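Here the structure is laid out as structure tokens; the discussion comes afterwards.
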Amino acid sequence: MIVDAKKAALILPLFFLLGIGYTMITGYWRTDSSKQPSRYSEGELAGEYNPADIRGSYSLADLEASFVIPVETLAKAFGVEDHNDLSAIKVKEFEESIGDIDGKEVGTDSMRLFVALYLNRPYTPEEGTALPQPAYNILKKEGAAPAAQLALFENRLVPLDTFILNEVDIHEDEEESGLLEIKGKTTFGELLESGISEDQLVDVLGGLPMGATALSVRDYCKEQGLEFSAVKAKLLEYLD
Amino acid sequence: MKKKPRIRTTVQILFFMLIALIAVNHTLAESGRGIPFVAEASLHAVCPFGGVVSLYQLITTGTFVKKVHESSLVLMIIVFVSAVLMGPLFCGWICPFGTFQEFMSRIGKKIFKKKFNRFIPYKYDRYLRFLRYIVLIRIIQMTARSGVLLFAKVDPYYALFQFWTGEVAISAIIMLVVVMIASLFVERPFCKYFCPFGALLGLFNLIRIFPLKRNPKTCISCAKCDRTCPMNIPVSSLETVRNHQCISCYQCTSGDGDCPVPHTLEFKTGSFEELEK
């Protein structure tokens with residue numbers, strides 16, 4: 001039997017149509033995440049959701065649905081109280097907006113740790129993962145983890161003031177006021193564009209030359225051993 | 001004489017446009033401006049290689065690597081089934097990055113004419129072709145260990161279809177530029193030396209049901225097949241081509257390709273003698 005080019009041209013598109021069509025009908029075809037973490041497969045927690053599988057793309061509503069922790073509690077733990085839609089906040093937004101504090105990172109892994117301690121489920125966080133102070137306060141008050149367990153994570157505590165996390169409003173404010181929100185991803189190029197001069201940047205960086213325009217300030221601070229939170233505070237003074 | 005348009009080129013262009021449309025629509029959909037009736041899937045969700053790098057995690061924990069979904073696994077199975085029949089048909093006919101390299105190579109062919117695709121001496125090239133297996137093993141190993149799509153950091157295909165998003169690593173952009181430049185000298189350089197999925201699919205050439213066969217009785221040994229093969233396979237010296245680099249592009253075949261003698265180079269089962277009977 002010979003397979004000529006015409007037959008070859010049909011083989012894969014036909015297979016795609018049949019394969020994708022069949023899996024669509026059976027409900028297996030998915031092109032996005034189910035927004036549900038995996039479950040423990042064994043042990044006494046078998047069948048329960050595993051905080052270790054929380055991903056940055058999950059919203060607080062997704063976490064509430066899986067772990068039955070109110071979105072208000074989750075948001076408050078990470079310093080957010082004033083927001084027009086707490087449910088829609090994605091876990092990765094904390095990393096983008098807060099990021100590095102005192103060399104420890106507030107991000108997705110912090111959320112995993114918080115949820116695990118809140119429900120007293122086992123979890124080993126990454127080395128540089130921070131636990132925000134508001135989260136710790138909530139855990140002490142309402143969390144299921146015993147005090148001895150909580151104490152193990154006290155060296156990861158970082159101070160965190162309440163702040164406004166509202167992407168839509170931030171962009172609107174930027175357009176109106178021309179002020180730049182300093183985030184973990186903010187680059188030197190963006191700072192220059194916002195009106196801060198190179199001399200001012202050098203001053204903020206304690207005399208060090210500014211990094212490449214495409215480099216994020218947070219990455220630069222990491223490289224140079226500077227505290228991002230302190231640099232951010234100085235930058236905000238200039239922006240104000 | 002004007003060359004007749006090849007059916008493969010049409011299929012390639014259609015799939016290239018489809019993937020480009022999906023990639024653009026994914027960006028638009030994120031800001032609530034998606035095009036109606038067009039898939040809003042991410043590029044990762046429509047890449048069968050995502051299924052390959054997720055296999056270990058899927059077997060051990062029942063979950064996919066971050067950003068990979070069920071669709072990648074389905075596409076991987078479809079491509080594997082087709083590869084059992086026809087080898088890396090996906091590479092030669094569907095893969096948008098293979099198509100992109102071929103477009104770039106058209107410029108190279110105009111510049112270097114017959115010298116194009118003949119810059120690397122065979123004695124070195126034959127070993128360099130195994131580099132992609134090292135890439136394949138490292139990528140699978142590193143992804144299994146980290147649970148993250150590490151290949152995206154150097155993936156020129158991802159860079160090509162996502163460069164406007166700001167999510168592409170600079171290393172991937174550099175890789176894309178390198179491949180673009182290399183494509184001016186060599187046909188499909190990424191496929192030949194670096195593509196981990198191409199490496200895996202290439203192995204199906206060893207077991208495919210419909211391999212490329214040459215009829216030595218009718219072959220006039222003009223070596224046109226050798227010259228036209230984008231992957232530099234010495235087709236004229238083989239009776240059954242089971243080279244791991246064949247991409248089933250039909251460039252060398254009788255009828256659909258450049259072989260001037262009918263029924264001399266064909267993808268088929270059985271022998272030519274059986275047909276003659």
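For the structure tokens, the naming scheme is as follows: chains receive sequential letters (A, B, ...) according to their order of presentation, residues are indexed from 1 within each chain, and ligands are indexed from 1 in presentation order.
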
For this session: Please return as a ChimeraX atom specification: the residues of range 59-148 of chain A that backbone DSSP assigns to strand (DSSP E or B).
Result: /A:59,80,90,99-101,104-106,129,131-132

For this session: Select residues of chain B: the criterion is any atom within 6 Å of an atom of chain A, counting only C-alpha atoms; output as a PyMOL selection string.
Result: chain B and resi 41+45+69-71+267-269

With C-alpha atoms retained, write the just-selected residues as a short mmCIF file (atom, residue, chain, number, x, y, z; two decimals), in the first residue's frame.
data_model
loop_
_atom_site.label_atom_id
_atom_site.label_comp_id
_atom_site.auth_asym_id
_atom_site.auth_seq_id
_atom_site.Cartn_x
_atom_site.Cartn_y
_atom_site.Cartn_z
CA ALA B 41 -6.12 28.22 24.62
CA ALA B 45 -2.14 23.90 25.75
CA HIS B 69 -3.23 20.62 30.34
CA GLU B 70 -5.09 17.51 29.19
CA SER B 71 -5.16 18.85 25.61
CA PHE B 267 6.16 5.78 1.26
CA LYS B 268 4.79 2.28 1.21
CA THR B 269 4.45 -1.13 2.77
#

For this session: Could you give me, as JSON, numbers by chain, the residues within 10 Å of Glu72 in chain A, counting only C-alpha atoms and dropping anything in the same chain fewer than 4 positions from it?
Result: {"A": [60, 61, 64, 76, 77, 80, 81, 86, 87]}
